[in-house]
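File shown: start30.cif (mmCIF, C-alpha atoms).
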data_structure
loop_
_atom_site.group_PDB
_atom_site.id
_atom_site.type_symbol
_atom_site.label_atom_id
_atom_site.label_comp_id
_atom_site.auth_asym_id
_atom_site.auth_seq_id
_atom_site.Cartn_x
_atom_site.Cartn_y
_atom_site.Cartn_z
ATOM 1 C CA MET A 99 7.522 15.419 -24.525
ATOM 2 C CA THR A 100 7.257 15.290 -20.767
ATOM 3 C CA MET A 101 7.666 12.593 -18.156
ATOM 4 C CA ASP A 102 4.871 10.012 -17.946
ATOM 5 C CA ILE A 103 2.882 10.471 -14.736
ATOM 6 C CA ARG A 104 1.148 7.173 -14.045
ATOM 7 C CA LEU A 105 -0.519 7.978 -10.757
ATOM 8 C CA ALA A 106 -1.197 11.354 -9.134
ATOM 9 C CA ARG A 107 -2.246 10.764 -5.561
ATOM 10 C CA VAL A 108 -3.217 12.978 -2.663
ATOM 11 C CA ASP A 109 -2.317 11.267 0.593
ATOM 12 C CA SER A 110 -1.818 12.979 3.966
ATOM 13 C CA ARG A 111 0.610 10.214 4.866
ATOM 14 C CA LEU A 112 2.527 10.549 1.561
ATOM 15 C CA LEU A 113 4.644 7.406 1.018
ATOM 16 C CA HIS A 114 3.432 4.666 3.380
ATOM 17 C CA GLY A 115 2.492 0.975 3.406
ATOM 18 C CA GLN A 116 -0.407 1.067 0.939
ATOM 19 C CA VAL A 117 1.558 3.138 -1.546
ATOM 20 C CA ALA A 118 4.918 1.403 -1.167
ATOM 21 C CA THR A 119 3.452 -2.080 -1.553
ATOM 22 C CA PHE A 120 0.225 -2.061 -3.532
ATOM 23 C CA TRP A 121 0.309 1.045 -5.710
ATOM 24 C CA THR A 122 3.937 0.575 -6.723
ATOM 25 C CA ARG A 123 3.158 -2.980 -7.756
ATOM 26 C CA TYR A 124 0.115 -1.824 -9.704
ATOM 27 C CA VAL A 125 1.506 1.299 -11.387
ATOM 28 C CA LYS A 126 5.088 0.043 -11.926
ATOM 29 C CA PRO A 127 6.814 3.418 -11.711
ATOM 30 C CA ASN A 128 10.569 3.848 -12.051
ATOM 31 C CA ARG A 129 10.379 7.007 -9.942
ATOM 32 C CA ILE A 130 8.362 8.222 -6.985
ATOM 33 C CA MET A 131 8.086 11.996 -6.741
ATOM 34 C CA VAL A 132 6.970 13.233 -3.339
ATOM 35 C CA VAL A 133 5.890 16.836 -3.821
ATOM 36 C CA SER A 134 5.746 18.982 -0.705
ATOM 37 C CA ASP A 135 7.273 22.356 0.118
ATOM 38 C CA THR A 136 7.492 21.483 3.805
ATOM 39 C CA VAL A 137 8.957 17.985 3.481
ATOM 40 C CA ALA A 138 11.466 19.195 0.861
ATOM 41 C CA LYS A 139 12.943 21.414 3.589
ATOM 42 C CA ASP A 140 12.876 18.679 6.254
ATOM 43 C CA ASN A 141 16.034 16.558 6.010
ATOM 44 C CA LEU A 142 14.917 13.786 8.330
ATOM 45 C CA ARG A 143 11.596 13.228 6.577
ATOM 46 C CA LYS A 144 13.321 13.439 3.198
ATOM 47 C CA THR A 145 15.822 10.808 4.219
ATOM 48 C CA LEU A 146 13.076 8.536 5.499
ATOM 49 C CA ILE A 147 11.144 8.759 2.256
ATOM 50 C CA THR A 148 14.134 8.041 0.048
ATOM 51 C CA GLN A 149 15.015 5.053 2.258
ATOM 52 C CA VAL A 150 11.572 3.431 2.227
ATOM 53 C CA ALA A 151 11.183 3.489 -1.541
ATOM 54 C CA PRO A 152 10.523 -0.089 -2.636
ATOM 55 C CA PRO A 153 13.300 -2.060 -4.369
ATOM 56 C CA GLY A 154 13.988 -0.898 -7.910
ATOM 57 C CA VAL A 155 12.274 2.474 -7.513
ATOM 58 C CA ARG A 156 13.987 5.720 -6.578
ATOM 59 C CA ALA A 157 12.164 8.381 -4.618
ATOM 60 C CA ASN A 158 12.763 12.142 -4.713
ATOM 61 C CA VAL A 159 11.277 14.809 -2.498
ATOM 62 C CA VAL A 160 10.794 18.149 -4.247
ATOM 63 C CA SER A 161 8.913 21.413 -3.798
ATOM 64 C CA VAL A 162 5.866 22.186 -5.938
ATOM 65 C CA ASN A 163 7.817 24.625 -8.122
ATOM 66 C CA LYS A 164 10.677 22.190 -8.595
ATOM 67 C CA MET A 165 8.203 19.506 -9.630
ATOM 68 C CA ILE A 166 6.750 21.781 -12.300
ATOM 69 C CA ARG A 167 10.264 22.524 -13.628
ATOM 70 C CA ALA A 168 11.153 18.831 -13.635
ATOM 71 C CA TYR A 169 7.922 17.959 -15.452
ATOM 72 C CA PHE A 170 8.884 20.118 -18.425
ATOM 73 C CA ASP A 171 12.598 19.214 -18.306
ATOM 74 C CA ALA A 172 13.478 16.848 -21.171
ATOM 75 C CA ARG A 173 16.168 15.165 -19.041
ATOM 76 C CA PHE A 174 13.385 13.473 -17.083
ATOM 77 C CA ASP A 175 11.271 12.317 -20.021
ATOM 78 C CA SER A 176 12.201 8.721 -19.211
ATOM 79 C CA PHE A 177 10.492 8.927 -15.796
ATOM 80 C CA ASN A 178 7.413 6.795 -15.244
ATOM 81 C CA THR A 179 6.283 8.660 -12.211
ATOM 82 C CA LEU A 180 4.145 7.926 -9.212
ATOM 83 C CA LEU A 181 3.449 11.416 -7.868
ATOM 84 C CA LEU A 182 2.320 12.132 -4.310
ATOM 85 C CA THR A 183 1.133 15.314 -2.635
ATOM 86 C CA GLU A 184 0.011 15.781 0.955
ATOM 87 C CA ASN A 185 -3.055 17.807 0.056
ATOM 88 C CA VAL A 186 -5.396 18.762 -2.762
ATOM 89 C CA LYS A 187 -4.086 22.315 -2.807
ATOM 90 C CA ASP A 188 -0.597 21.227 -3.914
ATOM 91 C CA MET A 189 -2.116 19.020 -6.626
ATOM 92 C CA LEU A 190 -4.101 22.022 -7.851
ATOM 93 C CA ARG A 191 -0.918 24.130 -7.881
ATOM 94 C CA LEU A 192 0.732 21.497 -10.087
ATOM 95 C CA ALA A 193 -2.221 21.525 -12.487
ATOM 96 C CA GLU A 194 -2.126 25.331 -12.564
ATOM 97 C CA GLY A 195 1.594 25.095 -13.293
ATOM 98 C CA GLY A 196 0.843 23.082 -16.423
ATOM 99 C CA VAL A 197 1.302 19.494 -15.241
ATOM 100 C CA ASN A 198 -1.120 17.427 -17.298
ATOM 101 C CA PHE A 199 -3.128 14.839 -15.364
ATOM 102 C CA SER A 200 -5.890 14.429 -17.952
ATOM 103 C CA LYS A 201 -5.000 10.810 -18.806
ATOM 104 C CA ILE A 202 -5.074 9.603 -15.217
ATOM 105 C CA GLY A 203 -7.155 12.013 -13.137
ATOM 106 C CA ILE A 204 -6.482 12.550 -9.462
ATOM 107 C CA ASN A 205 -6.472 9.710 -6.944
ATOM 108 C CA VAL A 206 -7.239 10.647 -3.347
ATOM 109 C CA GLY A 207 -5.933 8.103 -0.843
ATOM 110 C CA SER A 208 -6.413 9.911 2.425
ATOM 111 C CA ILE A 209 -7.068 13.394 3.737
ATOM 112 C CA ALA A 210 -6.418 13.605 7.471
ATOM 113 C CA TYR A 211 -9.135 14.903 9.759
ATOM 114 C CA GLU A 212 -8.700 18.287 11.413
ATOM 115 C CA ASP A 213 -11.075 20.450 13.441
ATOM 116 C CA GLY A 214 -14.085 21.604 11.446
ATOM 117 C CA MET A 215 -13.840 18.824 8.843
ATOM 118 C CA THR A 216 -16.285 16.016 8.064
ATOM 119 C CA MET A 217 -15.315 12.460 7.175
ATOM 120 C CA ILE A 218 -16.926 11.667 3.804
ATOM 121 C CA THR A 219 -15.314 8.241 3.359
ATOM 122 C CA ASP A 220 -13.415 6.194 5.965
ATOM 123 C CA ALA A 221 -10.148 7.826 4.844
ATOM 124 C CA VAL A 222 -11.128 11.212 3.407
ATOM 125 C CA ALA A 223 -11.990 14.266 5.522
ATOM 126 C CA MET A 224 -13.528 17.298 3.797
ATOM 127 C CA ASN A 225 -14.247 20.961 4.328
ATOM 128 C CA ASP A 226 -15.520 23.751 2.037
ATOM 129 C CA ASP A 227 -12.011 24.876 1.013
ATOM 130 C CA ILE A 228 -10.904 21.428 -0.113
ATOM 131 C CA ALA A 229 -14.271 20.863 -1.778
ATOM 132 C CA LYS A 230 -13.701 24.052 -3.793
ATOM 133 C CA GLN A 231 -10.234 22.892 -4.839
ATOM 134 C CA ILE A 232 -11.660 19.563 -6.018
ATOM 135 C CA GLN A 233 -14.395 21.405 -7.887
ATOM 136 C CA THR A 234 -11.731 23.525 -9.632
ATOM 137 C CA LEU A 235 -9.723 20.443 -10.629
ATOM 138 C CA THR A 236 -12.891 19.003 -12.142
ATOM 139 C CA ASN A 237 -14.356 22.114 -13.809
ATOM 140 C CA ASP A 238 -11.263 24.022 -14.915
ATOM 141 C CA PHE A 239 -8.901 21.128 -15.594
ATOM 142 C CA HIS A 240 -11.487 18.464 -16.531
ATOM 143 C CA LEU A 241 -9.983 15.927 -14.158
ATOM 144 C CA GLU A 242 -11.815 13.065 -12.568
ATOM 145 C CA VAL A 243 -11.088 13.200 -8.829
ATOM 146 C CA THR A 244 -11.731 9.892 -7.095
ATOM 147 C CA ALA A 245 -11.162 8.400 -3.653
ATOM 148 C CA GLN A 246 -9.474 4.993 -3.722
ATOM 149 C CA LYS A 247 -7.186 3.621 -0.997
ATOM 150 C CA ILE A 248 -5.716 0.644 -2.843
ATOM 151 C CA PRO A 249 -6.013 -0.585 -6.440
ATOM 152 C CA ALA A 250 -8.450 -3.340 -5.459
ATOM 153 C CA ASP A 251 -10.934 -0.804 -4.008
ATOM 154 C CA LYS A 252 -13.720 0.730 -6.068
ATOM 155 C CA LYS A 253 -13.232 4.368 -7.083
ATOM 156 C CA ILE A 254 -15.580 6.870 -5.456
ATOM 157 C CA ASN A 255 -16.256 10.053 -7.446
ATOM 158 C CA LEU A 256 -15.545 12.873 -5.020
ATOM 159 C CA VAL A 257 -17.311 15.691 -6.850
ATOM 160 C CA ASN A 258 -20.591 13.803 -6.689
ATOM 161 C CA LEU A 259 -20.029 12.987 -3.044
ATOM 162 C CA ILE A 260 -19.231 16.606 -2.203
ATOM 163 C CA LYS A 261 -22.459 17.743 -3.879
ATOM 164 C CA LYS A 262 -24.452 15.139 -2.029
ATOM 165 C CA LYS A 263 -22.992 16.230 1.312
ATOM 166 C CA ASN A 264 -23.757 19.906 0.613
ATOM 167 C CA PHE A 265 -20.322 21.477 0.901
ATOM 168 C CA LYS A 266 -20.188 25.130 -0.146
ATOM 169 C CA VAL A 267 -18.216 25.281 -3.374
ATOM 170 C CA ASP A 268 -19.490 28.577 -4.860
ATOM 171 C CA MET N 1028 -6.015 -18.780 -6.449
ATOM 172 C CA ILE N 1029 -4.429 -20.278 -3.336
ATOM 173 C CA SER N 1030 -5.800 -20.079 0.191
ATOM 174 C CA ILE N 1031 -3.682 -18.881 3.107
ATOM 175 C CA ILE N 1032 -3.727 -20.060 6.719
ATOM 176 C CA VAL N 1033 -1.793 -18.039 9.286
ATOM 177 C CA ALA N 1034 -1.109 -20.090 12.426
ATOM 178 C CA SER N 1035 0.413 -18.885 15.688
ATOM 179 C CA HIS N 1036 0.867 -19.197 19.415
ATOM 180 C CA GLY N 1037 -1.836 -16.991 20.910
ATOM 181 C CA GLU N 1038 -3.855 -14.394 19.015
ATOM 182 C CA PHE N 1039 -0.968 -13.191 16.813
ATOM 183 C CA ALA N 1040 -2.317 -14.858 13.654
ATOM 184 C CA GLU N 1041 -5.760 -13.279 13.964
ATOM 185 C CA ALA N 1042 -4.310 -9.869 14.773
ATOM 186 C CA LEU N 1043 -1.800 -10.097 11.930
ATOM 187 C CA ILE N 1044 -4.568 -10.796 9.417
ATOM 188 C CA HIS N 1045 -6.570 -7.904 10.868
ATOM 189 C CA THR N 1046 -3.539 -5.606 10.585
ATOM 190 C CA SER N 1047 -2.740 -6.727 7.052
ATOM 191 C CA GLU N 1048 -6.299 -5.952 5.958
ATOM 192 C CA MET N 1049 -5.856 -2.398 7.196
ATOM 193 C CA ILE N 1050 -3.288 -2.029 4.425
ATOM 194 C CA ALA N 1051 -4.468 -4.509 1.805
ATOM 195 C CA GLY N 1052 -8.235 -4.356 2.297
ATOM 196 C CA LYS N 1053 -10.499 -7.329 3.057
ATOM 197 C CA GLN N 1054 -9.041 -10.613 1.802
ATOM 198 C CA GLN N 1055 -10.770 -13.727 0.494
ATOM 199 C CA ASN N 1056 -9.715 -17.245 1.522
ATOM 200 C CA VAL N 1057 -7.424 -16.210 4.356
ATOM 201 C CA ALA N 1058 -7.916 -17.770 7.794
ATOM 202 C CA ALA N 1059 -6.212 -17.926 11.193
ATOM 203 C CA VAL N 1060 -5.402 -20.833 13.491
ATOM 204 C CA THR N 1061 -4.523 -19.726 17.007
ATOM 205 C CA LEU N 1062 -3.116 -21.922 19.767
ATOM 206 C CA ALA N 1063 -4.587 -21.200 23.200
ATOM 207 C CA PRO N 1064 -2.515 -22.087 26.302
ATOM 208 C CA SER N 1065 -5.054 -24.768 27.189
ATOM 209 C CA ASP N 1066 -4.993 -26.390 23.735
ATOM 210 C CA GLY N 1067 -3.383 -29.796 23.386
ATOM 211 C CA ILE N 1068 -2.007 -31.213 20.158
ATOM 212 C CA ASP N 1069 -5.375 -32.771 19.298
ATOM 213 C CA ALA N 1070 -7.249 -29.523 19.850
ATOM 214 C CA LEU N 1071 -4.819 -27.697 17.614
ATOM 215 C CA GLU N 1072 -5.164 -30.285 14.874
ATOM 216 C CA SER N 1073 -8.914 -30.094 14.946
ATOM 217 C CA LYS N 1074 -8.683 -26.304 14.668
ATOM 218 C CA PHE N 1075 -6.627 -26.779 11.516
ATOM 219 C CA LYS N 1076 -9.173 -29.289 10.170
ATOM 220 C CA ASP N 1077 -12.034 -26.859 10.805
ATOM 221 C CA VAL N 1078 -10.239 -24.106 8.923
ATOM 222 C CA PHE N 1079 -9.386 -26.417 6.022
ATOM 223 C CA LYS N 1080 -13.101 -27.311 5.779
ATOM 224 C CA LYS N 1081 -14.084 -23.661 5.584
ATOM 225 C CA LEU N 1082 -11.645 -22.832 2.785
ATOM 226 C CA PRO N 1083 -12.334 -23.777 -0.851
ATOM 227 C CA ARG N 1084 -10.766 -27.003 -2.075
ATOM 228 C CA ASN N 1085 -7.646 -25.495 -3.611
ATOM 229 C CA ASP N 1086 -3.962 -25.264 -2.757
ATOM 230 C CA VAL N 1087 -3.189 -23.993 0.727
ATOM 231 C CA LEU N 1088 -0.185 -22.061 1.969
ATOM 232 C CA ILE N 1089 0.310 -22.242 5.736
ATOM 233 C CA LEU N 1090 2.377 -19.488 7.345
ATOM 234 C CA THR N 1091 3.373 -20.101 10.963
ATOM 235 C CA ASP N 1092 5.001 -17.887 13.559
ATOM 236 C CA LEU N 1093 7.852 -20.124 14.682
ATOM 237 C CA TRP N 1094 9.885 -22.918 13.115
ATOM 238 C CA GLY N 1095 9.339 -26.080 15.197
ATOM 239 C CA GLY N 1096 6.588 -24.580 17.366
ATOM 240 C CA SER N 1097 3.311 -26.422 17.962
ATOM 241 C CA PRO N 1098 1.373 -24.613 15.187
ATOM 242 C CA PHE N 1099 4.243 -25.450 12.823
ATOM 243 C CA ASN N 1100 4.335 -29.086 13.965
ATOM 244 C CA ALA N 1101 0.596 -29.477 13.497
ATOM 245 C CA ALA N 1102 0.739 -27.815 10.070
ATOM 246 C CA SER N 1103 3.584 -30.069 8.966
ATOM 247 C CA LYS N 1104 1.276 -33.088 9.251
ATOM 248 C CA PHE N 1105 -1.122 -31.592 6.738
ATOM 249 C CA VAL N 1106 1.742 -30.938 4.356
ATOM 250 C CA ALA N 1107 2.980 -34.498 4.811
ATOM 251 C CA GLU N 1108 -0.493 -35.819 3.962
ATOM 252 C CA ASP N 1109 -0.764 -33.820 0.739
ATOM 253 C CA PRO N 1110 2.537 -32.170 -0.248
ATOM 254 C CA ALA N 1111 1.297 -31.417 -3.778
ATOM 255 C CA HIS N 1112 -1.436 -29.105 -2.498
ATOM 256 C CA ASN N 1113 -0.234 -27.815 0.879
ATOM 257 C CA ALA N 1114 2.937 -25.880 1.698
ATOM 258 C CA LEU N 1115 4.387 -24.499 4.913
ATOM 259 C CA ILE N 1116 6.666 -21.544 5.647
ATOM 260 C CA ALA N 1117 7.715 -20.499 9.170
ATOM 261 C CA GLY N 1118 8.534 -16.970 10.341
ATOM 262 C CA VAL N 1119 5.506 -15.045 9.109
ATOM 263 C CA ASN N 1120 5.565 -11.280 9.407
ATOM 264 C CA LEU N 1121 3.516 -8.432 7.956
ATOM 265 C CA PRO N 1122 5.564 -7.815 4.780
ATOM 266 C CA LEU N 1123 5.566 -11.546 4.007
ATOM 267 C CA LEU N 1124 1.793 -11.797 4.377
ATOM 268 C CA LEU N 1125 1.214 -8.702 2.201
ATOM 269 C CA GLU N 1126 3.572 -10.128 -0.405
ATOM 270 C CA ALA N 1127 1.585 -13.368 -0.363
ATOM 271 C CA TYR N 1128 -1.685 -11.483 -0.945
ATOM 272 C CA MET N 1129 -0.263 -9.826 -4.013
ATOM 273 C CA ILE N 1130 0.565 -13.118 -5.737
ATOM 274 C CA LYS N 1131 -2.311 -15.264 -4.459
ATOM 275 C CA ASP N 1132 -3.448 -15.922 -8.016
ATOM 276 C CA GLN N 1133 -0.222 -17.750 -8.917
ATOM 277 C CA SER N 1134 0.559 -21.410 -8.360
ATOM 278 C CA LEU N 1135 1.488 -22.626 -4.878
ATOM 279 C CA SER N 1136 5.061 -23.517 -5.887
ATOM 280 C CA LYS N 1137 5.624 -20.087 -7.424
ATOM 281 C CA VAL N 1138 4.243 -18.356 -4.356
ATOM 282 C CA VAL N 1139 6.515 -20.398 -2.079
ATOM 283 C CA ASP N 1140 9.595 -19.692 -4.223
ATOM 284 C CA HIS N 1141 8.891 -15.986 -4.312
ATOM 285 C CA LEU N 1142 8.172 -15.657 -0.592
ATOM 286 C CA THR N 1143 11.282 -17.522 0.477
ATOM 287 C CA ASN N 1144 13.350 -15.310 -1.851
ATOM 288 C CA VAL N 1145 12.039 -11.983 -0.568
ATOM 289 C CA ALA N 1146 11.547 -12.891 3.104
ATOM 290 C CA ALA N 1147 14.998 -11.889 4.314
ATOM 291 C CA SER N 1148 14.850 -8.483 2.634
ATOM 292 C CA SER N 1149 11.781 -7.545 4.688
ATOM 293 C CA ILE N 1150 13.956 -7.175 7.783
ATOM 294 C CA LYS N 1151 16.543 -4.456 7.510
ATOM 295 C CA GLN N 1152 18.160 -1.646 9.419
ATOM 296 C CA PHE N 1153 17.313 1.957 8.744
ATOM 297 C CA GLU N 1154 20.576 3.747 8.043
ATOM 298 C CA LEU N 1155 21.279 7.412 7.640
ATOM 299 C CA PRO N 1156 23.155 8.301 4.488
ATOM 300 C CA ASP N 1157 26.844 9.210 4.962
ATOM 301 C CA GLN N 1158 26.302 12.853 4.193
ATOM 302 C CA SER N 1159 23.195 14.914 3.992
ATOM 303 C CA ASP N 1160 23.752 18.297 2.463
ATOM 304 C CA GLY N 1161 20.025 18.974 2.228
ATOM 305 C CA GLU N 1162 20.079 19.268 -1.536
ATOM 306 C CA ASP N 1163 18.131 16.869 -3.650
ATOM 307 C CA ASP N 1164 20.183 15.460 -6.507
ATOM 308 C CA LEU N 1165 17.313 16.045 -8.924
ATOM 309 C CA LEU N 1166 17.854 19.264 -10.943
#
Translate this file's structure into structure tokens.
Amino acid sequence: MTMDIRLARVDSRLLHGQVATFWTRYVKPNRIMVVSDTVAKDNLRKTLITQVAPPGVRANVVSVNKMIRAYFDARFDSFNTLLLTENVKDMLRLAEGGVNFSKIGINVGSIAYEDGMTMITDAVAMNDDIAKQIQTLTNDFHLEVTAQKIPADKKINLVNLIKKKNFKVD
Amino acid sequence: MISIIVASHGEFAEALIHTSEMIAGKQQNVAAVTLAPSDGIDALESKFKDVFKKLPRNDVLILTDLWGGSPFNAASKFVAEDPAHNALIAGVNLPLLLEAYMIKDQSLSKVVDHLTNVAASSIKQFELPDQSDGEDDLL
């Protein structure tokens, strides 16, 4: 057995208003796992995240490798987890490490815009590298990758959108 | 499904709804009543009446900015006229409004009970833990 991951979300802003209020209410986790190598080393950001966890839910900030270890550790089988990464790459690393997202797929809340990227929804910026990572999650791990800010929004299939917008994924 | 009216001095109510929709997405049956400096009591009441007309004929929760302020006083008349279907809470803020959105499908009395219970917990100080050794307690 492993822990039950109820939502796997990519969000540049990690744990913020939409996640703390709406997704927690919708997914009903007993644990929020924020997975980021950089934040796990940053005490101030770690403290902030553990403090803003909504009532009744504990939040942990761990590195990608630690998350993979915890996933297979029987001591945490009772976790109903809402899992957050800052970027698609970390989510792909988790999948490559054996974390199974096949029941839930990958939810993309927001990807922040940087130079050279294109906005493909109002919250998701894209470039060829990220498009390739999404393609890998879909082809190699058979995961549905969808953009959805809050539970009430409609899911947008990102692989289809990436194809339509002609990103280089080969 | 209840309707929600946010009422305030100045543009606060409109801006608060706009802000809340940035987090919660577009909302149905939510409207603002804003008091302009030139508005008298009658003008404010007719603004409320206009908003009531626009909303569906169901139960209405009115959230105002300030206990005893003019928007509150005007709203209290509508509650007095129909206390079974209208309710009023003062001291609206963003967490309270978001909380209201999430339980809009419940009965008015349940919504009021819940909001008054959680309201105080939405305002709290950020405190640093006593000791931070940098190690996560997990694993």
Checklist entry - What does the PyMOL selection byres ((chain N and resi 1123) around 8) select in this file, as a ChimeraX atom specification? => result /N:1119-1122,1124-1127,1142,1145-1146,1149
Written selection (C-alpha atoms) as a PDB file, in the coordinates of the input:
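What landed in out.pdb:
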ATOM      1  CA  VAL N1119       5.506 -15.045   9.109  1.00  0.00           C
ATOM      2  CA  ASN N1120       5.565 -11.280   9.407  1.00  0.00           C
ATOM      3  CA  LEU N1121       3.516  -8.432   7.956  1.00  0.00           C
ATOM      4  CA  PRO N1122       5.564  -7.815   4.780  1.00  0.00           C
ATOM      5  CA  LEU N1124       1.793 -11.797   4.377  1.00  0.00           C
ATOM      6  CA  LEU N1125       1.214  -8.702   2.201  1.00  0.00           C
ATOM      7  CA  GLU N1126       3.572 -10.128  -0.405  1.00  0.00           C
ATOM      8  CA  ALA N1127       1.585 -13.368  -0.363  1.00  0.00           C
ATOM      9  CA  LEU N1142       8.172 -15.657  -0.592  1.00  0.00           C
ATOM     10  CA  VAL N1145      12.039 -11.983  -0.568  1.00  0.00           C
ATOM     11  CA  ALA N1146      11.547 -12.891   3.104  1.00  0.00           C
ATOM     12  CA  SER N1149      11.781  -7.545   4.688  1.00  0.00           C
TER      13      SER N1149
END
Checklist entry - Any chance you could work out the residue set of the PyMOL selection byres ((chain N and resi 1032) around 12) here, as number ranges by chain? => result N: 1029-1031, 1033-1035, 1040-1041, 1043-1044, 1054-1061, 1074-1082, 1086-1092, 1098-1099, 1102, 1105, 1113-1117, 1119, 1124, 1127-1128
Checklist entry - Near chain N, which residues of chain A fall within 10 Å when you count all atoms listed in the file, and what do they look like as a count of residues only? => result 34
Checklist entry - When you draw a straight line from CA of Pro127 (chain A) to CA of Val162 (chain A), how long is it in Å? => result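 These two atoms are separated by 19.7 Å.
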Checklist entry - Which neighbours of Met224 (chain A) fall inside 9 Å, counting all atoms listed in the file, when residues of the same chain fewer than 2 positions from it are skipped, and could you give them as a VMD selection string? => result chain A and resid 209 to 211 214 to 218 222 226 to 229 260 265
Checklist entry - Mind telling me what the PyMOL selection byres ((chain A and resi 201-204) around 12) catches here, as a VMD selection string? => result chain A and resid 102 to 109 125 179 to 183 185 to 186 188 to 190 192 to 193 197 to 200 205 to 207 231 to 233 235 to 236 239 to 246 253 to 257
Checklist entry - Which residue out of N:Thr1046, N:Ala1147, N:Asp1132, N:His1036 has the minimum interatomic distance to Gly1095 (chain N) when only C-alpha atoms are used? => result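 Among the listed residues, the smallest separation from Gly1095 (chain N) belongs to N:His1036.
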Next on the checklist: When you count only C-alpha atoms, which of these residues is closest to Glu1072 (chain N): N:Ala1101, N:Ile1150, N:Ile1130, N:Leu1093?
Outcome noted: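 Smallest distance to Glu1072 (chain N) is found for N:Ala1101.
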Checklist entry - At what distance in Å, to one decimal, does CA of Lys1137 (chain N) lie from CA of Asn1100 (chain N)? => result 23.2 Å
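CA of Asp213 (chain A) lies 23.2 Å from CA of Asn258 (chain A).
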Item to check | Among the residues N:Pro1083, N:Gly1067, N:Pro1110, N:Gly1118, the one that comes closest to Ser1136 (chain N) [using all atoms listed in the file] | outcome: N:Pro1110
Would you fill out region 1043-1054 of chain N with N, CA and C atoms and return it as a compact mmCIF listing (two decimals), in the frame of the given file?
# COMPACT_ATOMS: atom_id res chain seq x y z
N LEU N 1043 -2.63 -10.38 13.11
CA LEU N 1043 -1.80 -10.10 11.93
C LEU N 1043 -2.68 -9.98 10.67
N ILE N 1044 -3.65 -10.87 10.56
CA ILE N 1044 -4.57 -10.80 9.42
C ILE N 1044 -5.35 -9.49 9.48
N HIS N 1045 -5.82 -9.16 10.67
CA HIS N 1045 -6.57 -7.90 10.87
C HIS N 1045 -5.71 -6.70 10.46
N THR N 1046 -4.47 -6.70 10.92
CA THR N 1046 -3.54 -5.61 10.58
C THR N 1046 -3.28 -5.54 9.08
N SER N 1047 -3.06 -6.70 8.49
CA SER N 1047 -2.74 -6.73 7.05
C SER N 1047 -3.90 -6.19 6.23
N GLU N 1048 -5.13 -6.42 6.71
CA GLU N 1048 -6.30 -5.95 5.96
C GLU N 1048 -6.48 -4.44 6.08
N MET N 1049 -5.86 -3.86 7.08
CA MET N 1049 -5.86 -2.40 7.20
C MET N 1049 -5.08 -1.79 6.03
N ILE N 1050 -4.08 -2.52 5.55
CA ILE N 1050 -3.29 -2.03 4.42
C ILE N 1050 -3.82 -2.57 3.11
N ALA N 1051 -4.15 -3.85 3.08
CA ALA N 1051 -4.47 -4.51 1.80
C ALA N 1051 -5.96 -4.59 1.52
N GLY N 1052 -6.80 -4.18 2.48
CA GLY N 1052 -8.24 -4.36 2.30
C GLY N 1052 -8.65 -5.78 2.64
N LYS N 1053 -9.96 -6.01 2.68
CA LYS N 1053 -10.50 -7.33 3.06
C LYS N 1053 -10.02 -8.40 2.08
N GLN N 1054 -9.59 -9.54 2.63
CA GLN N 1054 -9.04 -10.61 1.80
C GLN N 1054 -9.97 -11.82 1.78
